[in-house]
There are 2 protein chains.
Amino acid sequence: MCESKSALLVIGCPEVPVQMSMVIYLTHKLKRSGWDVTVAGTNAATKLLKVADPEGHYVQKMVDLDKLIADVVEKKIDFDLCFAFMHSDAGMTYGATFSAISKAKLYAVVFGKNAEALGESIDYPAEKIVAVATHNPAPLKSKIDKVAL
Amino acid sequence: MCESKSALLVIGCPEVPVQMSMVIYLTHKLKRSGWDVTVAGTNAATKLLKVADPEGHYVQKMVDLDKLIADVVEKKIDFDLCFAFMHSDAGMTYGATFSAISKAKLYAVVFGKNAEALGESIDYPAEKIVAVATHNPAPLKSKIDKVAL
């Protein structure tokens, strides 16, 4: 467990354009609310994030997702809050994984064309933030803005 | 024409994830090389860009693409350099438009799954930067990095 308020953002393959923007937006928002934020992603996702934030103004802590899962399983690290971004079965699996291994309060951030069906299929304990958003970030942003941080 | 070195980035519908990251990266790179940078995009594209850069660290000048086209046609504004991002026929059309109406040196930044076929079909004067990139920004980034600014 952590000493202070720590938040984790989990991102899978960046197939849907809104994901990267929302990850930067939410990281920035959490940091401004005093959270210590880590973003864990696949190789493609973290590469894309580094290019989108070349000076590291928004995202300071970025880690490899598979390595982080191993560290949480081994209880080397954990978080108070976890936002798992998902628009596909792969993302769903990452959400289920963190639900099982972490003590963090889990938010499932579900987006993309099939967001509603995907959101309904979540059967692990998580607060769901669901918006059918692919290019336009507004629907997802307005739901994320309603989460009390 | 403009008094100082001015660059324009033209972005269409943000269907391909690498676009937004590369626009931020290139804007930042151009600014560091002393260019005055404007990004012109569709409504969805500029919204996504604002969310991806919430404090405006990277992109300061953002304008509506259709309004800008009208202004260039009316010779109210022009640029020295124009990078037109394209991954679809719509993007191709914007490139052709700027080739016709602007005196800027034009770069056609072609990406997405069909980048090569799309790049070959460009029949207006433009320097082509073509990379089959959708999620992984590395192929496009390395080609953009070779452009002398």
# chains A, B, ... in the order shown; residues from 1 in each chain; ligands from 1
>>> interface_residues(of="chain A", to="chain B", cutoff="6 Å", atoms="only C-alpha atoms", output="PyMOL selection string")
chain A and resi 14+17+21+24-25+44+48+51-52+135-137
>>> calpha_fit_rmsd(fixed="chain B", moving="chain A")
0.0 Å
>>> residues_around(residues="B:Leu30", least_positions_apart="6", cutoff="10 Å", atoms="only C-alpha atoms", output="PyMOL selection string")
chain B and resi 6-7+36-37+149
>>> residues_around(residues="stretch 74-83 of chain B", least_positions_apart="3", cutoff="8 Å", atoms="only C-alpha atoms", output="short mmCIF file (atom, residue, chain, number, x, y, z; two decimals) with N, CA and C atoms, in the first residue's frame")
data_model
loop_
_atom_site.label_atom_id
_atom_site.label_comp_id
_atom_site.auth_asym_id
_atom_site.auth_seq_id
_atom_site.Cartn_x
_atom_site.Cartn_y
_atom_site.Cartn_z
N MET B 1 1.80 37.32 -47.94
CA MET B 1 2.87 36.55 -47.29
C MET B 1 3.14 37.09 -45.88
N CYS B 2 3.91 36.36 -45.17
CA CYS B 2 4.11 36.70 -43.75
C CYS B 2 5.44 37.40 -43.53
N LYS B 5 8.93 33.65 -40.20
CA LYS B 5 8.74 32.25 -40.56
C LYS B 5 7.46 31.71 -39.91
N SER B 6 6.49 31.42 -40.74
CA SER B 6 5.24 30.90 -40.16
C SER B 6 4.94 29.53 -40.75
N ALA B 7 4.48 28.64 -39.88
CA ALA B 7 4.16 27.28 -40.32
C ALA B 7 2.72 26.94 -39.96
N LEU B 8 2.10 26.20 -40.84
CA LEU B 8 0.72 25.76 -40.63
C LEU B 8 0.69 24.24 -40.61
N LEU B 9 -0.05 23.69 -39.65
CA LEU B 9 -0.33 22.26 -39.65
C LEU B 9 -1.82 22.08 -39.91
N VAL B 10 -2.14 21.27 -40.91
CA VAL B 10 -3.54 21.06 -41.27
C VAL B 10 -3.94 19.65 -40.87
N ALA B 70 -10.92 29.90 -46.04
CA ALA B 70 -11.55 31.12 -46.57
C ALA B 70 -10.60 32.31 -46.45
N ASP B 71 -9.91 32.41 -45.30
CA ASP B 71 -8.98 33.54 -45.09
C ASP B 71 -7.79 33.49 -46.05
N PHE B 98 -4.67 23.38 -50.14
CA PHE B 98 -3.58 24.29 -49.75
C PHE B 98 -2.54 24.40 -50.85
N SER B 102 -2.38 28.36 -51.38
CA SER B 102 -1.33 28.95 -50.53
C SER B 102 0.02 28.96 -51.24
N LYS B 103 0.84 29.93 -50.87
CA LYS B 103 2.20 29.98 -51.42
C LYS B 103 3.17 29.16 -50.56
N ALA B 104 2.68 28.58 -49.47
CA ALA B 104 3.55 27.84 -48.55
C ALA B 104 4.19 26.64 -49.23
N LYS B 105 5.40 26.34 -48.80
CA LYS B 105 6.02 25.07 -49.20
C LYS B 105 5.21 23.97 -48.53
N LEU B 106 4.74 23.01 -49.34
CA LEU B 106 3.80 22.02 -48.81
C LEU B 106 4.46 20.67 -48.56
N TYR B 107 4.21 20.16 -47.34
CA TYR B 107 4.59 18.79 -47.02
C TYR B 107 3.31 17.98 -46.85
N ALA B 108 3.23 16.86 -47.54
CA ALA B 108 2.09 15.96 -47.36
C ALA B 108 2.52 14.86 -46.39
N VAL B 109 1.95 14.89 -45.18
CA VAL B 109 2.29 13.89 -44.16
C VAL B 109 1.24 12.79 -44.25
#
>>> select_by_dssp(residues="stretch 41-72 of chain A", states="alpha helix (DSSP H)", output="VMD selection string")
chain A and resid 43 to 52 65 to 72
>>> write_last_selection(atoms="all heavy atoms", output="short mmCIF file (atom, residue, chain, number, x, y, z; two decimals), in the first residue's frame")
data_model
loop_
_atom_site.label_atom_id
_atom_site.label_comp_id
_atom_site.auth_asym_id
_atom_site.auth_seq_id
_atom_site.Cartn_x
_atom_site.Cartn_y
_atom_site.Cartn_z
N ASN A 43 3.66 -1.13 -24.92
CA ASN A 43 4.77 -0.46 -25.60
C ASN A 43 4.28 0.62 -26.57
O ASN A 43 4.73 1.77 -26.53
CB ASN A 43 5.59 -1.52 -26.35
CG ASN A 43 6.88 -0.97 -26.88
OD1 ASN A 43 7.46 -0.05 -26.30
ND2 ASN A 43 7.32 -1.49 -28.01
N ALA A 44 3.30 0.29 -27.42
CA ALA A 44 2.78 1.26 -28.39
C ALA A 44 2.14 2.44 -27.68
O ALA A 44 2.30 3.59 -28.09
CB ALA A 44 1.76 0.59 -29.31
N ALA A 45 1.40 2.17 -26.60
CA ALA A 45 0.71 3.24 -25.89
C ALA A 45 1.69 4.20 -25.23
O ALA A 45 1.52 5.42 -25.31
CB ALA A 45 -0.24 2.63 -24.85
N THR A 46 2.72 3.68 -24.59
CA THR A 46 3.66 4.58 -23.91
C THR A 46 4.49 5.36 -24.94
O THR A 46 4.79 6.54 -24.72
CB THR A 46 4.59 3.83 -22.93
OG1 THR A 46 5.18 2.72 -23.59
CG2 THR A 46 3.84 3.33 -21.73
N LYS A 47 4.82 4.74 -26.08
CA LYS A 47 5.53 5.46 -27.14
C LYS A 47 4.70 6.65 -27.63
O LYS A 47 5.22 7.75 -27.82
CB LYS A 47 5.78 4.53 -28.34
CG LYS A 47 7.11 3.84 -28.33
CD LYS A 47 7.31 3.11 -29.66
CE LYS A 47 8.50 2.20 -29.61
NZ LYS A 47 8.47 1.23 -30.72
N LEU A 48 3.42 6.38 -27.86
CA LEU A 48 2.52 7.42 -28.39
C LEU A 48 2.39 8.55 -27.37
O LEU A 48 2.35 9.73 -27.72
CB LEU A 48 1.15 6.79 -28.66
CG LEU A 48 0.25 7.46 -29.69
CD1 LEU A 48 0.94 7.60 -31.03
CD2 LEU A 48 -1.04 6.68 -29.86
N LEU A 49 2.35 8.19 -26.10
CA LEU A 49 2.21 9.17 -25.03
C LEU A 49 3.45 10.05 -24.94
O LEU A 49 3.35 11.26 -24.72
CB LEU A 49 1.97 8.43 -23.71
CG LEU A 49 1.32 9.18 -22.57
CD1 LEU A 49 0.04 9.86 -23.01
CD2 LEU A 49 1.03 8.23 -21.42
N LYS A 50 4.61 9.46 -25.13
CA LYS A 50 5.86 10.23 -25.07
C LYS A 50 5.92 11.24 -26.21
O LYS A 50 6.41 12.35 -26.04
CB LYS A 50 7.07 9.30 -25.13
CG LYS A 50 7.45 8.77 -23.76
CD LYS A 50 8.64 7.83 -23.83
CE LYS A 50 8.74 7.02 -22.53
NZ LYS A 50 9.51 5.80 -22.70
N VAL A 51 5.44 10.85 -27.38
CA VAL A 51 5.45 11.76 -28.54
C VAL A 51 4.42 12.87 -28.33
O VAL A 51 4.64 14.02 -28.73
CB VAL A 51 5.17 10.97 -29.84
CG1 VAL A 51 5.05 11.92 -31.03
CG2 VAL A 51 6.28 9.97 -30.10
N ALA A 52 3.31 12.53 -27.68
CA ALA A 52 2.23 13.51 -27.47
C ALA A 52 2.56 14.49 -26.35
O ALA A 52 1.88 15.51 -26.19
CB ALA A 52 0.93 12.79 -27.15
N LEU A 65 3.35 -1.86 -18.62
CA LEU A 65 2.16 -2.45 -17.99
C LEU A 65 2.41 -3.85 -17.45
O LEU A 65 2.03 -4.18 -16.32
CB LEU A 65 1.01 -2.43 -19.00
CG LEU A 65 -0.35 -2.96 -18.55
CD1 LEU A 65 -0.79 -2.36 -17.24
CD2 LEU A 65 -1.40 -2.68 -19.64
N ASP A 66 3.05 -4.69 -18.25
CA ASP A 66 3.26 -6.07 -17.81
C ASP A 66 4.20 -6.13 -16.60
O ASP A 66 3.98 -6.91 -15.68
CB ASP A 66 3.81 -6.92 -18.97
CG ASP A 66 2.74 -7.14 -20.03
OD1 ASP A 66 1.55 -7.18 -19.67
OD2 ASP A 66 3.08 -7.25 -21.22
N LYS A 67 5.21 -5.26 -16.62
CA LYS A 67 6.14 -5.22 -15.48
C LYS A 67 5.39 -4.75 -14.23
O LYS A 67 5.59 -5.29 -13.13
CB LYS A 67 7.30 -4.27 -15.82
CG LYS A 67 8.16 -3.89 -14.63
CD LYS A 67 9.61 -4.10 -14.88
CE LYS A 67 10.48 -3.87 -13.63
NZ LYS A 67 9.87 -4.07 -12.34
N LEU A 68 4.52 -3.75 -14.40
CA LEU A 68 3.78 -3.24 -13.25
C LEU A 68 2.86 -4.30 -12.67
O LEU A 68 2.75 -4.43 -11.44
CB LEU A 68 2.96 -2.00 -13.64
CG LEU A 68 2.20 -1.43 -12.44
CD1 LEU A 68 3.14 -0.62 -11.55
CD2 LEU A 68 1.02 -0.58 -12.87
N ILE A 69 2.20 -5.06 -13.54
CA ILE A 69 1.30 -6.12 -13.06
C ILE A 69 2.10 -7.09 -12.19
O ILE A 69 1.68 -7.46 -11.09
CB ILE A 69 0.61 -6.83 -14.25
CG1 ILE A 69 -0.43 -5.90 -14.88
CG2 ILE A 69 -0.05 -8.14 -13.79
CD1 ILE A 69 -1.06 -6.40 -16.15
N ALA A 70 3.29 -7.45 -12.66
CA ALA A 70 4.15 -8.36 -11.88
C ALA A 70 4.48 -7.75 -10.52
O ALA A 70 4.41 -8.43 -9.49
CB ALA A 70 5.43 -8.66 -12.67
N ASP A 71 4.79 -6.44 -10.51
CA ASP A 71 5.15 -5.77 -9.26
C ASP A 71 3.97 -5.70 -8.29
O ASP A 71 4.15 -5.80 -7.07
CB ASP A 71 5.68 -4.35 -9.54
CG ASP A 71 7.07 -4.37 -10.14
OD1 ASP A 71 7.71 -5.44 -10.14
OD2 ASP A 71 7.52 -3.31 -10.61
N VAL A 72 2.77 -5.50 -8.81
CA VAL A 72 1.58 -5.44 -7.94
C VAL A 72 1.30 -6.85 -7.37
O VAL A 72 1.01 -7.00 -6.19
CB VAL A 72 0.35 -4.88 -8.69
CG1 VAL A 72 -0.89 -4.95 -7.80
CG2 VAL A 72 0.60 -3.43 -9.12
#
>>> atom_distance(atom1="atom CA of B:Thr38", atom2="atom CA of B:Val59")
7.9 Å
>>> select_by_dssp(residues="stretch 69-136 of chain B", states="strand (DSSP E)", output="MDAnalysis selection string")
chainID B and resid 81:86 105:110 127:130
>>> atom_distance(atom1="atom CA of A:Ala126", atom2="atom CA of A:Pro139")
19.6 Å
>>> residues_around(residues="A:Ile11", least_positions_apart="5", cutoff="7 Å", atoms="only C-alpha atoms", output="list in words")
Ala40, Gly41, Thr42, Ala45, Ala84 and Phe85 of chain A
>>> write_last_selection(atoms="N, CA, C and O atoms", output="mmCIF file, in the first residue's frame")
data_model
loop_
_atom_site.group_PDB
_atom_site.id
_atom_site.type_symbol
_atom_site.label_atom_id
_atom_site.label_comp_id
_atom_site.auth_asym_id
_atom_site.auth_seq_id
_atom_site.Cartn_x
_atom_site.Cartn_y
_atom_site.Cartn_z
ATOM 1 N N ALA A 40 0.493 3.342 -16.743
ATOM 2 C CA ALA A 40 1.062 2.062 -17.162
ATOM 3 C C ALA A 40 0.453 1.682 -18.494
ATOM 4 O O ALA A 40 -0.769 1.657 -18.645
ATOM 5 N N GLY A 41 1.303 1.391 -19.471
ATOM 6 C CA GLY A 41 0.767 1.084 -20.795
ATOM 7 C C GLY A 41 1.585 0.052 -21.530
ATOM 8 O O GLY A 41 2.699 -0.288 -21.138
ATOM 9 N N THR A 42 0.992 -0.425 -22.610
ATOM 10 C CA THR A 42 1.720 -1.303 -23.521
ATOM 11 C C THR A 42 2.800 -0.460 -24.209
ATOM 12 O O THR A 42 2.800 0.765 -24.112
ATOM 13 N N ALA A 45 1.404 2.168 -26.604
ATOM 14 C CA ALA A 45 0.707 3.238 -25.892
ATOM 15 C C ALA A 45 1.688 4.203 -25.231
ATOM 16 O O ALA A 45 1.517 5.422 -25.312
ATOM 17 N N ALA A 84 -8.827 2.115 -15.381
ATOM 18 C CA ALA A 84 -8.448 1.223 -16.472
ATOM 19 C C ALA A 84 -9.208 1.633 -17.727
ATOM 20 O O ALA A 84 -10.440 1.585 -17.758
ATOM 21 N N PHE A 85 -8.466 2.071 -18.736
ATOM 22 C CA PHE A 85 -9.075 2.490 -20.011
ATOM 23 C C PHE A 85 -9.311 1.257 -20.877
ATOM 24 O O PHE A 85 -8.415 0.436 -21.040
#
>>> decode(residues="stretch 70-124 of chain B", atoms="C-alpha atoms", output="PDB file, in the first residue's frame")
ATOM      1  CA  ALA B  70     -11.546  31.122 -46.571  1.00  0.00           C
ATOM      2  CA  ASP B  71      -8.982  33.544 -45.092  1.00  0.00           C
ATOM      3  CA  VAL B  72      -6.171  32.171 -47.257  1.00  0.00           C
ATOM      4  CA  VAL B  73      -8.362  32.352 -50.374  1.00  0.00           C
ATOM      5  CA  GLU B  74      -9.129  35.986 -49.530  1.00  0.00           C
ATOM      6  CA  LYS B  75      -5.382  36.584 -49.014  1.00  0.00           C
ATOM      7  CA  LYS B  76      -5.892  37.744 -45.426  1.00  0.00           C
ATOM      8  CA  ILE B  77      -3.238  35.295 -44.271  1.00  0.00           C
ATOM      9  CA  ASP B  78      -0.664  32.895 -45.646  1.00  0.00           C
ATOM     10  CA  PHE B  79       2.204  30.756 -44.383  1.00  0.00           C
ATOM     11  CA  ASP B  80       5.763  29.888 -45.367  1.00  0.00           C
ATOM     12  CA  LEU B  81       5.411  26.203 -44.607  1.00  0.00           C
ATOM     13  CA  CYS B  82       2.406  23.892 -44.526  1.00  0.00           C
ATOM     14  CA  PHE B  83       2.233  20.335 -43.237  1.00  0.00           C
ATOM     15  CA  ALA B  84      -1.005  18.671 -44.331  1.00  0.00           C
ATOM     16  CA  PHE B  85      -1.735  15.505 -42.345  1.00  0.00           C
ATOM     17  CA  MET B  86      -3.667  12.892 -44.305  1.00  0.00           C
ATOM     18  CA  HIS B  87      -4.803   9.325 -43.922  1.00  0.00           C
ATOM     19  CA  SER B  88      -7.937   9.430 -46.087  1.00  0.00           C
ATOM     20  CA  ASP B  89      -9.438  11.052 -49.167  1.00  0.00           C
ATOM     21  CA  ALA B  90     -10.672  13.958 -47.035  1.00  0.00           C
ATOM     22  CA  GLY B  91      -7.119  14.698 -45.919  1.00  0.00           C
ATOM     23  CA  MET B  92      -5.915  14.426 -49.523  1.00  0.00           C
ATOM     24  CA  THR B  93      -8.444  17.062 -50.518  1.00  0.00           C
ATOM     25  CA  TYR B  94      -7.223  19.469 -47.836  1.00  0.00           C
ATOM     26  CA  GLY B  95      -3.666  18.971 -49.107  1.00  0.00           C
ATOM     27  CA  ALA B  96      -4.746  19.712 -52.680  1.00  0.00           C
ATOM     28  CA  THR B  97      -6.628  22.774 -51.459  1.00  0.00           C
ATOM     29  CA  PHE B  98      -3.579  24.286 -49.747  1.00  0.00           C
ATOM     30  CA  SER B  99      -1.427  23.399 -52.751  1.00  0.00           C
ATOM     31  CA  ALA B 100      -3.806  25.482 -54.873  1.00  0.00           C
ATOM     32  CA  ILE B 101      -4.505  28.454 -52.593  1.00  0.00           C
ATOM     33  CA  SER B 102      -1.334  28.951 -50.535  1.00  0.00           C
ATOM     34  CA  LYS B 103       2.201  29.979 -51.417  1.00  0.00           C
ATOM     35  CA  ALA B 104       3.546  27.838 -48.551  1.00  0.00           C
ATOM     36  CA  LYS B 105       6.015  25.067 -49.204  1.00  0.00           C
ATOM     37  CA  LEU B 106       3.803  22.018 -48.809  1.00  0.00           C
ATOM     38  CA  TYR B 107       4.593  18.791 -47.020  1.00  0.00           C
ATOM     39  CA  ALA B 108       2.089  15.957 -47.358  1.00  0.00           C
ATOM     40  CA  VAL B 109       2.294  13.892 -44.161  1.00  0.00           C
ATOM     41  CA  VAL B 110       0.674  10.603 -45.164  1.00  0.00           C
ATOM     42  CA  PHE B 111       0.029   7.880 -42.583  1.00  0.00           C
ATOM     43  CA  GLY B 112      -2.455   5.142 -41.681  1.00  0.00           C
ATOM     44  CA  LYS B 113      -2.903   1.672 -43.163  1.00  0.00           C
ATOM     45  CA  ASN B 114      -3.115   2.841 -46.776  1.00  0.00           C
ATOM     46  CA  ALA B 115      -0.319   5.397 -46.553  1.00  0.00           C
ATOM     47  CA  GLU B 116       1.670   4.098 -49.508  1.00  0.00           C
ATOM     48  CA  ALA B 117      -1.201   3.978 -52.025  1.00  0.00           C
ATOM     49  CA  LEU B 118      -2.440   7.330 -50.742  1.00  0.00           C
ATOM     50  CA  GLY B 119       1.035   8.850 -51.046  1.00  0.00           C
ATOM     51  CA  GLU B 120       1.401   7.637 -54.635  1.00  0.00           C
ATOM     52  CA  SER B 121      -1.911   9.207 -55.617  1.00  0.00           C
ATOM     53  CA  ILE B 122      -0.779  12.734 -54.644  1.00  0.00           C
ATOM     54  CA  ASP B 123      -0.512  14.582 -57.944  1.00  0.00           C
ATOM     55  CA  TYR B 124      -0.021  18.146 -56.685  1.00  0.00           C
TER      56      TYR B 124
END
